[in-house]
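Colleague: My questions will all concern the structure given below.
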Amino acid sequence: MIFDCQVKMSTKPRGRPRAYDPQAVLQQVLQTFWVKGHADTSLDDLCEAAGVNKASLYAGLGDKAQLYRLALQAYVKQVGEGMVAVLDEPGLPLTQALDRLMAQTVALYQGGRGCFMVSTAPMVAWQDEAVRTLMQQALAGQAAVLAARFERAVREGELIGPVPATALAGLVAALMHSLSLRARAGVPEPELLRWAQTELALVLAVAGPNGLKGRGAKQGLAD
């Protein structure tokens, strides 16, 4: 799986056996980092959210740095699988696939959270090589999945034009990252979705002089 990012990190239990579900705890850890950010999240915050004490949390998943890496890795995998599910759906036209992807993305960013990686990881990556590696893998995986969908559209005769699939993938990925920033800034969800649909129409318009076969970009993606 292209989004199953891996970095060298030890998760070997220490001390007494764990009395909780590490994956359930990790989801609580992820949500806490997502809401408060990395810098403002303390180990006490993580323990409170997970409902475990420091000794158990540390023995099961590691210190704060390790917890953040694991949370980021889990997020990247979850989001990646969601992208693949939408974009690889058999028989779903490109416009509908991209429309659903944007709706899925906006829903994920609800409440002003934005993308977990975009909102929290850049500052951490400055000093953490493992986080930097995870970000590189995640961005490459996202670009590859998007490019594969555009290549499929070309093979199936749905998209015709000279712009490479990798370039179109880059534009859509940039759009998703911009959505995260706008969501973080408090832009309402309906407005985010309308903006995304407009920008996607522009992406398809620059795909080539013919754009979408049998369907002009001017028709929009929400029809």
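Letters for chains follow the order of the structure tokens (A, B, ...), residue numbers begin at 1 for each chain, and ligand numbers begin at 1 in the order shown.
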Pull the closest atom pair for each residue of range 85-120 of chain A that gets at most 12 Å from range 202-206 of chain A, along with the distance in Å to one decimal, counting only C-alpha atoms, ordering rows by chain and then ascending residue number, as a Markdown table.
Modeller:
| residue | atom | partner | partner_atom | distance |
| --- | --- | --- | --- | --- |
| A:Leu94 | CA | A:Leu204 | CA | 10.1 |
| A:Thr95 | CA | A:Leu204 | CA | 9.0 |
| A:Leu98 | CA | A:Leu204 | CA | 10.5 |
Colleague: Could you turn the residues from that selection into a file that holds N, CA, C and O atoms, as a compact mmCIF listing (two decimals), in the first residue's frame?
Modeller:
# COMPACT_ATOMS: atom_id res chain seq x y z
N LEU A 94 -14.43 10.44 -13.96
CA LEU A 94 -13.39 11.27 -13.33
C LEU A 94 -13.99 12.45 -12.58
O LEU A 94 -13.60 12.73 -11.44
N THR A 95 -14.93 13.15 -13.21
CA THR A 95 -15.50 14.33 -12.56
C THR A 95 -16.18 13.97 -11.24
O THR A 95 -16.04 14.68 -10.25
N LEU A 98 -13.49 13.04 -8.56
CA LEU A 98 -12.85 14.22 -7.99
C LEU A 98 -13.81 15.01 -7.10
O LEU A 98 -13.42 15.55 -6.06
Colleague: With DSSP run on the backbone, what are the helix (DSSP H, G or I) residues within range 94-195 of chain A? I'd like them as a PyMOL selection string.
Modeller: chain A and resi 94-108+110-112+116-125+129-155+165-184+189-195
Colleague: Using only C-alpha atoms, can you tell me which of A:His38, A:Asp63, A:Ser119, A:Ala71 comes closest to Leu26 in chain A?
Modeller: A:Ala71
Colleague: Env of Gln104 in chain A: 9 Å cut, atoms = only C-alpha atoms, seq-sep filter 3 positions within chain, self excluded. Answer as a ChimeraX atom specification.
Modeller: /A:82-83,86,99-101,107-109
Colleague: When you count only C-alpha atoms, which of these residues is closest to Leu72 in chain A: A:Tyr20, A:Trp34, A:Trp195, A:Trp126?
Modeller: A:Trp34
Colleague: Determine, counting only C-alpha atoms, which protein, DNA and RNA residues have an atom within 10 Å of an atom of Ser178 in chain A; residues of the same chain fewer than 5 positions away are not included. Present the result as JSON, numbers by chain.
Modeller: {"A": [114, 115, 118, 172, 173, 183, 184, 192, 196]}
Colleague: Identify which of the residues A:Gln197, A:Gln96, A:Gln73, A:Gln23 lies closest to Phe116 in chain A, counting only C-alpha atoms when measuring atom-to-atom distances.
Modeller: A:Gln73
Colleague: Which residues of range 62-88 of chain A come within 9 Å of range 52-58 of chain A, and what is each one's closest atom pair and distance in Å (one decimal), counting only C-alpha atoms, sorted by chain and residue number, as a tab-separated table?
Modeller:
residue	atom	partner	partner_atom	distance
A:Gly62	CA	A:Tyr58	CA	4.2
A:Asp63	CA	A:Tyr58	CA	5.4
A:Lys64	CA	A:Tyr58	CA	8.4
A:Leu67	CA	A:Tyr58	CA	8.8
Colleague: Using only C-alpha atoms, what does the table of range 21-128 of chain A residues within 9 Å of range 137-160 of chain A look like, with each row giving the shortest atom pair and its distance in Å to one decimal, sorted by chain and ascending number, as a Markdown table?
Modeller:
| residue | atom | partner | partner_atom | distance |
| --- | --- | --- | --- | --- |
| A:Gln73 | CA | A:Ala138 | CA | 8.9 |
| A:Val76 | CA | A:Ala138 | CA | 6.3 |
| A:Lys77 | CA | A:Ala138 | CA | 8.5 |
| A:Gly80 | CA | A:Gln142 | CA | 7.0 |
| A:Met83 | CA | A:Val145 | CA | 7.8 |
| A:Val84 | CA | A:Val145 | CA | 6.8 |
| A:Leu87 | CA | A:Arg149 | CA | 6.3 |
| A:Asp88 | CA | A:Arg149 | CA | 7.2 |
| A:Pro93 | CA | A:Glu158 | CA | 7.9 |
| A:Leu94 | CA | A:Ala153 | CA | 6.5 |
Colleague: Taking only C-alpha atoms into account, which of A:Ala174, A:Glu129, A:Glu48, A:Tyr75 comes nearest Gln27 in chain A?
Modeller: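 The closest residue to Gln27 in chain A is A:Tyr75.
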Colleague: Return the single residue from A:Ala65, A:Ala97, A:Ala103, A:Cys47 that is closest to Ala121 in chain A, with distances computed using only C-alpha atoms.
Modeller: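 Among the listed residues, A:Ala65 lies closest to Ala121 in chain A.
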Colleague: In Å, rounded to a single decimal, give me how far CA of Gln28 in chain A is from CA of Ala50 in chain A.
Modeller: 5.4 Å
